[in-house]
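Participant: What follows is coords14.cif, made up of mmCIF, C-alpha atoms:
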```cif
data_protein
#
loop_
_atom_site.label_atom_id
_atom_site.label_comp_id
_atom_site.auth_asym_id
_atom_site.auth_seq_id
_atom_site.Cartn_x
_atom_site.Cartn_y
_atom_site.Cartn_z
CA MET H 1 84.24 108.48 15.09
CA ILE H 2 85.65 110.68 17.88
CA ARG H 3 83.49 112.92 20.06
CA LEU H 4 84.57 115.13 22.94
CA GLU H 5 82.00 116.39 25.43
CA ASN H 6 82.93 119.16 27.88
CA VAL H 7 86.54 117.98 28.07
CA CYS H 8 88.65 119.91 30.56
CA LYS H 9 92.34 119.52 31.37
CA THR H 10 94.47 121.65 33.66
CA PHE H 11 98.13 121.51 34.73
CA THR H 12 99.50 122.87 37.96
CA THR H 13 102.86 124.63 37.71
CA LYS H 14 104.96 126.26 40.38
CA ASP H 15 103.40 129.65 39.67
CA ALA H 16 99.89 128.96 38.41
CA VAL H 17 97.19 126.58 37.23
CA VAL H 18 97.18 126.37 33.42
CA THR H 19 93.95 125.44 31.63
CA ALA H 20 94.97 123.59 28.46
CA ALA H 21 91.45 122.47 27.52
CA ASP H 22 88.41 124.39 28.70
CA HIS H 23 85.07 122.58 28.20
CA ILE H 24 85.88 121.38 24.67
CA ASN H 25 83.09 119.95 22.52
CA LEU H 26 84.09 118.43 19.18
CA SER H 27 82.79 115.78 16.79
CA ILE H 28 85.09 114.26 14.18
CA GLU H 29 83.41 112.19 11.49
CA LYS H 30 84.62 108.84 10.16
CA GLY H 31 86.80 109.21 7.07
CA GLU H 32 87.48 112.94 7.25
CA ILE H 33 90.74 114.83 7.67
CA PHE H 34 90.16 117.19 10.58
CA GLY H 35 92.56 119.98 11.53
CA ILE H 36 93.10 121.52 14.96
CA ILE H 37 95.09 124.73 14.70
CA GLY H 38 96.26 127.50 17.00
CA PHE H 39 99.31 129.46 18.04
CA SER H 40 101.82 128.16 20.59
CA GLY H 41 100.20 127.54 23.96
CA ALA H 42 96.69 127.15 22.53
CA GLY H 43 96.30 123.66 24.04
CA LYS H 44 96.00 121.72 20.79
CA SER H 45 98.64 119.07 21.60
CA THR H 46 97.06 118.44 25.00
CA LEU H 47 93.68 118.10 23.34
CA VAL H 48 94.86 115.49 20.85
CA ARG H 49 96.45 113.48 23.67
CA CYS H 50 93.09 113.51 25.44
CA MET H 51 91.61 111.71 22.42
CA ASN H 52 93.47 108.50 23.24
CA LEU H 53 93.81 109.26 26.95
CA LEU H 54 97.57 109.74 26.90
CA GLU H 55 96.40 112.76 28.87
CA VAL H 56 93.41 111.91 31.06
CA PRO H 57 90.88 114.78 31.16
CA ASP H 58 89.95 116.21 34.54
CA GLU H 59 86.31 116.05 33.49
CA GLY H 60 84.14 115.38 30.47
CA ALA H 61 83.75 112.40 28.14
CA VAL H 62 85.86 111.08 25.24
CA TYR H 63 83.97 108.83 22.83
CA PHE H 64 85.63 106.58 20.27
CA ASP H 65 83.22 104.87 17.90
CA GLY H 66 80.43 105.36 20.46
CA HIS H 67 82.41 104.06 23.45
CA ASP H 68 83.34 106.36 26.35
CA LEU H 69 87.07 105.81 26.88
CA MET H 70 86.86 107.42 30.32
CA LYS H 71 84.77 104.46 31.48
CA ALA H 72 86.83 101.76 29.75
CA THR H 73 88.80 99.18 31.69
CA THR H 74 92.57 99.01 31.25
CA LYS H 75 92.18 96.06 28.89
CA GLU H 76 89.45 97.77 26.86
CA LEU H 77 91.46 101.00 26.64
CA ARG H 78 94.48 99.09 25.35
CA ALA H 79 92.31 97.57 22.61
CA TYR H 80 90.88 100.96 21.61
CA ARG H 81 94.34 102.51 21.48
CA LYS H 82 95.41 99.91 18.90
CA LYS H 83 92.84 101.51 16.61
CA ILE H 84 94.30 104.99 17.15
CA GLY H 85 97.76 105.50 15.62
CA MET H 86 99.90 108.53 16.41
CA ILE H 87 102.83 110.32 14.78
CA PHE H 88 104.88 113.12 16.30
CA GLN H 89 107.00 116.11 15.30
CA GLN H 90 110.25 114.45 16.44
CA PHE H 91 109.49 111.05 14.80
CA ASN H 92 110.27 109.01 17.98
CA LEU H 93 112.10 106.27 16.08
CA LEU H 94 114.32 103.70 17.77
CA GLU H 95 117.83 104.69 16.67
CA GLN H 96 119.35 101.26 17.26
CA ARG H 97 116.79 99.58 14.98
CA THR H 98 116.71 99.55 11.19
CA VAL H 99 113.80 101.04 9.29
CA ILE H 100 112.02 97.72 8.89
CA ASP H 101 112.66 96.80 12.52
CA ASN H 102 111.09 100.10 13.61
CA VAL H 103 107.95 99.26 11.67
CA CYS H 104 108.01 95.71 13.07
CA TYR H 105 108.14 96.93 16.67
CA PRO H 106 104.37 97.41 17.30
CA LEU H 107 103.67 94.14 15.45
CA GLU H 108 106.07 92.29 17.72
CA LEU H 109 104.28 93.77 20.74
CA GLU H 110 101.06 92.30 19.34
CA GLY H 111 102.66 88.85 19.35
CA LEU H 112 103.26 88.34 15.62
CA SER H 113 106.13 86.09 14.66
CA LYS H 114 109.23 87.74 13.27
CA LYS H 115 108.44 86.43 9.79
CA GLU H 116 104.83 87.70 9.86
CA ALA H 117 105.90 91.06 11.26
CA ARG H 118 108.51 91.58 8.55
CA GLU H 119 106.07 90.66 5.79
CA LYS H 120 103.54 93.18 7.03
CA ALA H 121 106.24 95.81 7.61
CA LYS H 122 107.37 95.47 3.99
CA GLU H 123 103.80 96.17 2.85
CA PHE H 124 103.64 99.39 4.86
CA LEU H 125 107.08 100.54 3.72
CA GLU H 126 105.86 100.11 0.17
CA ILE H 127 102.84 102.32 0.94
CA VAL H 128 105.13 105.12 2.14
CA ASP H 129 107.63 104.59 -0.73
CA LEU H 130 110.54 103.51 1.46
CA SER H 131 111.06 99.89 0.46
CA GLU H 132 114.64 100.59 -0.62
CA LYS H 133 115.50 101.97 2.86
CA GLU H 134 114.38 98.99 4.94
CA LYS H 135 117.93 98.13 6.06
CA SER H 136 118.93 101.73 6.82
CA TYR H 137 119.08 103.23 10.30
CA PRO H 138 117.25 106.45 11.29
CA SER H 139 120.55 108.37 11.39
CA GLN H 140 120.96 107.66 7.67
CA LEU H 141 117.58 109.15 6.73
CA SER H 142 116.35 112.65 5.94
CA GLY H 143 113.64 114.26 8.07
CA GLY H 144 110.96 113.45 5.52
CA GLN H 145 112.07 109.82 5.32
CA LYS H 146 112.03 109.52 9.11
CA GLN H 147 108.47 110.83 9.19
CA ARG H 148 107.45 108.32 6.52
CA VAL H 149 108.88 105.53 8.67
CA ALA H 150 106.88 106.88 11.62
CA ILE H 151 103.74 106.86 9.45
CA ALA H 152 104.41 103.29 8.33
CA ARG H 153 104.90 102.25 11.96
CA ALA H 154 101.64 103.95 12.97
CA LEU H 155 99.80 102.15 10.15
CA ALA H 156 101.21 98.76 11.12
CA THR H 157 98.39 98.03 13.58
CA ASN H 158 95.73 98.95 10.98
CA PRO H 159 94.37 101.96 12.88
CA GLU H 160 91.00 103.51 12.15
CA VAL H 161 92.27 106.93 13.28
CA LEU H 162 95.67 108.57 12.84
CA LEU H 163 96.61 111.44 15.17
CA CYS H 164 99.30 113.73 13.72
CA ASP H 165 100.78 116.03 16.35
CA GLU H 166 102.77 118.75 14.50
CA ALA H 167 103.96 115.99 12.16
CA THR H 168 105.41 118.41 9.58
CA SER H 169 106.73 121.20 11.81
CA ALA H 170 110.34 119.98 11.65
CA LEU H 171 110.31 119.61 7.85
CA ASP H 172 111.11 121.96 5.00
CA PRO H 173 108.23 123.12 2.72
CA ILE H 174 108.91 120.66 -0.12
CA THR H 175 109.21 117.69 2.25
CA THR H 176 106.11 118.88 4.09
CA ASN H 177 104.12 118.77 0.87
CA GLY H 178 105.28 115.21 0.25
CA VAL H 179 104.21 114.05 3.72
CA LEU H 180 100.85 115.82 3.40
CA GLU H 181 100.22 114.14 0.05
CA LEU H 182 101.02 110.79 1.65
CA LEU H 183 98.52 111.44 4.47
CA LYS H 184 95.90 112.42 1.93
CA LYS H 185 96.57 109.20 0.00
CA ILE H 186 96.21 107.12 3.17
CA ASN H 187 92.91 108.82 3.94
CA GLU H 188 91.49 108.35 0.44
CA GLU H 189 92.73 104.84 -0.30
CA TYR H 190 92.51 103.22 3.14
CA GLY H 191 89.69 105.22 4.75
CA VAL H 192 91.75 106.20 7.79
CA THR H 193 90.33 109.16 9.71
CA ILE H 194 93.14 111.69 10.19
CA ILE H 195 93.39 114.42 12.82
CA VAL H 196 96.08 117.01 12.12
CA ILE H 197 97.47 119.23 14.88
CA THR H 198 99.37 122.22 13.53
CA HIS H 199 100.09 125.94 13.88
CA GLU H 200 100.32 126.39 10.10
CA MET H 201 97.17 127.30 8.18
CA LYS H 202 98.81 126.17 4.94
CA VAL H 203 98.84 122.59 6.26
CA VAL H 204 95.12 122.76 7.05
CA GLU H 205 94.29 124.35 3.70
CA ARG H 206 96.25 121.69 1.86
CA ILE H 207 94.55 118.53 3.12
CA CYS H 208 91.84 119.12 5.76
CA ASP H 209 88.08 118.95 5.26
CA ARG H 210 87.18 120.80 8.47
CA VAL H 211 89.12 122.70 11.09
CA ALA H 212 88.82 123.79 14.73
CA ILE H 213 90.49 127.06 15.79
CA MET H 214 91.95 126.96 19.31
CA ASN H 215 93.13 129.76 21.56
CA GLN H 216 94.09 129.51 25.23
CA GLY H 217 92.38 126.18 25.73
CA VAL H 218 89.14 127.19 24.02
CA VAL H 219 87.77 126.16 20.62
CA GLU H 220 86.76 129.47 19.08
CA GLU H 221 85.52 128.26 15.69
CA VAL H 222 84.76 125.02 13.88
CA GLY H 223 83.88 124.81 10.21
CA ASP H 224 84.75 123.83 6.66
CA VAL H 225 88.26 124.96 5.74
CA LYS H 226 86.98 126.93 2.75
CA GLU H 227 84.46 128.84 4.86
CA ILE H 228 87.00 129.63 7.58
CA PHE H 229 89.37 130.95 4.90
CA LEU H 230 86.69 133.06 3.24
CA ASN H 231 84.98 134.29 6.39
CA PRO H 232 87.11 133.98 9.56
CA LYS H 233 85.17 135.20 12.58
CA SER H 234 87.56 135.17 15.55
CA GLU H 235 90.69 137.26 15.92
CA THR H 236 92.72 134.04 16.05
CA SER H 237 91.35 132.69 12.78
CA LYS H 238 91.87 136.05 11.07
CA ARG H 239 95.54 135.97 11.99
CA LEU H 240 95.94 132.34 11.00
CA VAL H 241 94.52 132.69 7.50
CA LEU H 242 96.94 135.49 6.67
CA SER H 243 100.06 134.36 4.88
CA SER H 244 103.28 133.96 6.84
CA ASP H 245 104.93 135.78 3.92
CA HIS H 246 103.92 139.08 5.46
CA LYS H 247 104.39 138.14 9.10
CA SER H 248 106.59 141.17 9.71
CA GLU H 249 103.69 143.41 8.78
CA LEU H 250 101.32 141.56 11.07
CA THR H 251 103.25 142.14 14.30
CA THR H 252 102.22 145.80 14.44
CA ASN H 253 98.79 147.25 15.11
CA LYS H 254 97.22 148.28 11.81
CA LYS H 255 93.71 148.68 10.45
CA CYS H 256 93.33 146.62 7.30
CA ILE H 257 90.96 145.53 4.59
CA ARG H 258 91.20 141.89 3.53
CA ILE H 259 89.95 141.19 0.02
CA VAL H 260 89.15 137.53 -0.70
CA PHE H 261 89.16 135.98 -4.16
CA ASP H 262 87.25 132.78 -4.85
CA GLY H 263 86.05 131.00 -7.96
CA ILE H 264 84.98 133.56 -10.58
CA SER H 265 86.52 136.56 -8.83
CA SER H 266 90.00 134.98 -8.85
CA TYR H 267 90.03 135.36 -12.64
CA GLU H 268 88.81 138.97 -12.64
CA PRO H 269 91.18 142.01 -12.57
CA VAL H 270 89.76 143.11 -9.21
CA LEU H 271 92.70 145.20 -8.06
CA ALA H 272 93.21 146.93 -11.42
CA ASP H 273 89.51 147.80 -11.63
CA LEU H 274 89.55 149.01 -8.03
CA VAL H 275 92.43 151.44 -8.60
CA LEU H 276 91.25 152.64 -12.01
CA GLU H 277 87.63 153.20 -11.07
CA THR H 278 88.10 154.64 -7.58
CA GLN H 279 91.44 156.45 -8.09
CA VAL H 280 92.37 155.45 -4.52
CA ARG H 281 96.06 154.87 -3.79
CA LEU H 282 96.48 151.51 -2.07
CA ASN H 283 99.21 150.20 0.22
CA ILE H 284 99.32 146.44 -0.36
CA MET H 285 100.61 144.62 2.72
CA GLY H 286 100.59 141.15 1.21
CA ALA H 287 98.84 138.72 -1.12
CA ASN H 288 98.80 134.97 -1.70
CA THR H 289 96.89 132.13 -3.31
CA GLU H 290 95.95 128.88 -1.58
CA ASP H 291 94.79 125.49 -2.90
CA ILE H 292 91.77 124.47 -0.82
CA GLY H 293 90.01 121.27 -1.77
CA GLY H 294 91.59 121.35 -5.22
CA SER H 295 90.39 124.89 -6.00
CA ALA H 296 92.37 128.14 -5.97
CA TYR H 297 91.50 130.79 -3.40
CA GLY H 298 93.33 134.03 -2.87
CA GLN H 299 93.53 136.99 -0.53
CA MET H 300 95.00 140.46 -0.53
CA LEU H 301 95.66 142.59 2.51
CA ILE H 302 95.65 146.38 2.07
CA GLU H 303 96.23 149.04 4.68
CA ARG H 304 93.04 150.89 5.53
CA PRO H 305 93.10 154.42 4.02
CA ASP H 306 91.12 157.46 5.21
CA GLU H 307 87.39 157.19 5.88
CA LYS H 308 86.32 158.73 2.57
CA SER H 309 88.49 156.33 0.58
CA VAL H 310 87.26 153.37 2.63
CA GLU H 311 83.68 154.07 1.68
CA ILE H 312 84.63 154.35 -1.99
CA ILE H 313 86.48 151.00 -1.81
CA LYS H 314 83.61 149.27 0.01
CA ASN H 315 81.02 150.53 -2.45
CA HIS H 316 83.11 149.36 -5.39
CA LEU H 317 83.74 145.88 -3.95
CA ASN H 318 80.06 145.47 -3.01
CA LYS H 319 79.03 146.43 -6.54
CA LYS H 320 81.44 143.83 -7.98
CA GLY H 321 80.31 141.15 -5.53
CA VAL H 322 83.81 140.70 -4.08
CA ARG H 323 84.16 139.49 -0.48
CA PHE H 324 86.04 141.71 1.94
CA GLU H 325 86.32 142.44 5.64
CA GLU H 326 87.75 145.17 7.83
CA PHE H 327 89.69 144.47 10.98
CA GLU H 328 92.53 145.66 13.13
CA LEU H 329 95.61 143.52 13.36
CA LYS H 330 96.73 143.27 16.96
CA GLU H 331 100.26 142.55 18.04
CA GLU H 332 100.74 138.85 18.70
CA LYS H 333 102.06 138.04 22.15
CA GLU H 334 104.31 135.04 22.57
CA GLU H 335 103.25 132.41 25.09
CA ALA H 336 105.62 131.73 27.92
#
```
Let me see whether you can do it: turn the structure in this file into structure tokens.

Facilitator:
Amino acid sequence: MIRLENVCKTFTTKDAVVTAADHINLSIEKGEIFGIIGFSGAGKSTLVRCMNLLEVPDEGAVYFDGHDLMKATTKELRAYRKKIGMIFQQFNLLEQRTVIDNVCYPLELEGLSKKEAREKAKEFLEIVDLSEKEKSYPSQLSGGQKQRVAIARALATNPEVLLCDEATSALDPITTNGVLELLKKINEEYGVTIIVITHEMKVVERICDRVAIMNQGVVEEVGDVKEIFLNPKSETSKRLVLSSDHKSELTTNKKCIRIVFDGISSYEPVLADLVLETQVRLNIMGANTEDIGGSAYGQMLIERPDEKSVEIIKNHLNKKGVRFEEFELKEEKEEA
């Protein structure tokens, strides 16, 4: 559906040249929900804007349904963009228009009559469960309701692809879950390919099929969400899969052992057996359970003890067939 080949994008600031996308190669299949995740400054928002040429790459090719958008005429590009909807973190609604008039706006630009536009807008408001708010103004809506209006507006042109740029970042956890469920419904019932840009691994774990890990303009890993969770390879992915619940612990340099629970092991008393059989005292830094693809997966982070105890722990976990990995948590540096 969307394919990027050696896409590069740089920005020149007063002090330096910033590389936001560095020879990116990605293929996103029709009908999947694909996540692009990274910390602030990773280049993910720039990358998603390259997909519909809101940001024109300095070099490389951007294919949509087999057509290179970089070679498209202005008229052709406008037609392709109608098939690529987009929603944003800040909703971008027209404050002076009612909910239904916001959804009508792209339909009016297409030349539909007011009556036709309103009929279609009502259909999309029903999809996002906002029919009763059609006469309200954005200022009268909650954040979640505003995002649902933005989704309805994006769906109004019947897109084949929906780009979601940090669409849930401004929402509380409960509202976020509601919006994510709506996106999943749209994907399953209407076949819309969805690309989710986020810095939250929980968002990716909740609805995405595959994910790309970005850091400083580079895609470090691409894979199934379950596999990335179970076996993260890059330092960036290791930090992302760890729960934000123990963020305070993760800002200091510590050697850790990450124990991963999946399927059968999630129902076994792994920790109790570990302590009882090895007699090793453990410092648990954090633990959580995630729903990935409808199945429960869990992880536990323990501080790495002395070398002798580490070998005892590793031998025990290997004998039980439990996944684990050792790594050193490095202090995260904020991007400027």

Participant: Could you check the closest approach to Thr289 in chain H for each of H:Ile24, H:Thr176, H:Phe229, H:Arg153 and tell me which residue wins, using all atoms listed in the file?

Facilitator: H:Phe229

Participant: Evaluated on this file, the PyMOL selection byres ((chain H and resi 324) around 9) picks out some residues - which ones are they, written as a list in words?

Facilitator: Leu230, Asn231, Ile257, Arg258, Ile259, Val260, Phe261, Lys314, Leu317, Asn318, Val322, Arg323, Glu325 and Glu326 of chain H

Participant: With distances taken over only C-alpha atoms, which of H:Asn102, H:Gln140, H:Asn177, H:Thr157 is nearest to Arg206 in chain H?

Facilitator: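 Ranked by minimum distance to Arg206 in chain H, first place goes to H:Asn177.
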
Participant: Tell me, in Å to one decimal, how far CA of Gln147 in chain H is from CA of Glu290 in chain H.

Facilitator: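 Between these atoms lies a distance of 24.5 Å.
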
Participant: Between H:Leu171, H:Val225, H:Lys122, H:Ile284, which residue has the minimum interatomic distance to Gln145 in chain H, considering only C-alpha atoms?

Facilitator: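 The closest residue to Gln145 in chain H is H:Leu171.
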
Participant: Hey, which of H:Val218, H:Ile87, H:Ala121, H:Leu94 ends up closest to Asn6 in chain H? Count all atoms listed in the file.

Facilitator: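 Closest to Asn6 in chain H of all the choices is H:Val218.
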
Participant: Between H:Lys133, H:Lys82, H:His199, H:Lys146, which one has atoms that come closest to Ala42 in chain H, using all atoms listed in the file?

Facilitator: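 Using all atoms listed in the file, Ala42 in chain H sits closest to H:His199.
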
Participant: Spell out the residues picked by the PyMOL selection byres ((chain H and resi 272-282) around 8) here, as a list of chain:residue names.

Facilitator: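 Here the PyMOL selection byres ((chain H and resi 272-282) around 8) matches H:Pro269, H:Val270, H:Leu271, H:Asn283, H:Ile284, H:Ile302, H:Glu303, H:Pro305, H:Ser309, H:Ile312, H:Ile313, H:His316, H:Leu317.
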
Participant: Quick one: write out the picked residues with C-alpha atoms as a PDB file, in the coordinates of the input?

Facilitator:
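Contents of the output file out-v7.pdb:
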```pdb
ATOM      1  CA  PRO H 269      91.180 142.010 -12.570  1.00  0.00           C
ATOM      2  CA  VAL H 270      89.760 143.110  -9.210  1.00  0.00           C
ATOM      3  CA  LEU H 271      92.700 145.200  -8.060  1.00  0.00           C
ATOM      4  CA  ASN H 283      99.210 150.200   0.220  1.00  0.00           C
ATOM      5  CA  ILE H 284      99.320 146.440  -0.360  1.00  0.00           C
ATOM      6  CA  ILE H 302      95.650 146.380   2.070  1.00  0.00           C
ATOM      7  CA  GLU H 303      96.230 149.040   4.680  1.00  0.00           C
ATOM      8  CA  PRO H 305      93.100 154.420   4.020  1.00  0.00           C
ATOM      9  CA  SER H 309      88.490 156.330   0.580  1.00  0.00           C
ATOM     10  CA  ILE H 312      84.630 154.350  -1.990  1.00  0.00           C
ATOM     11  CA  ILE H 313      86.480 151.000  -1.810  1.00  0.00           C
ATOM     12  CA  HIS H 316      83.110 149.360  -5.390  1.00  0.00           C
ATOM     13  CA  LEU H 317      83.740 145.880  -3.950  1.00  0.00           C
TER      14      LEU H 317
END
```

Participant: Check which residues satisfy the PyMOL selection byres ((chain H and resi 214) around 8) in the file shown, then give them as a list in words.

Facilitator: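 Answer for the PyMOL selection byres ((chain H and resi 214) around 8): Ile36, Ile37, Gly38, Phe39, Ala42, Gly43, Lys44, Ala212, Ile213, Asn215, Gln216, Gly217, Val218, Val219, Glu220, Glu221 and Thr236 of chain H.
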
Participant: Rank H:Val62, H:Ile151, H:Ala72, H:Leu141 by their smallest atom-to-atom distance to Ile186 in chain H, using only C-alpha atoms, and report the top residue only.

Facilitator: H:Ile151

Participant: Set the distance at 7 Å and use all atoms listed in the file: which residues neighbour Leu4 in chain H once local chain neighbours fewer than 6 positions away are removed? I'd like the list as JSON, numbers by chain.

Facilitator: {"H": [24, 25, 26, 27, 61, 62, 63]}

Participant: Mind giving me the straight-line distance from CA of Gly321 in chain H to CA of Ser237 in chain H in Å, one decimal?

Facilitator: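 Interatomic distance, CA of Gly321 in chain H to CA of Ser237 in chain H: 23.0 Å.
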
Participant: By how many Å are CA of Tyr297 in chain H and CA of Leu162 in chain H apart?

Facilitator: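 We find that CA of Tyr297 in chain H and CA of Leu162 in chain H lie 27.8 Å from each other.
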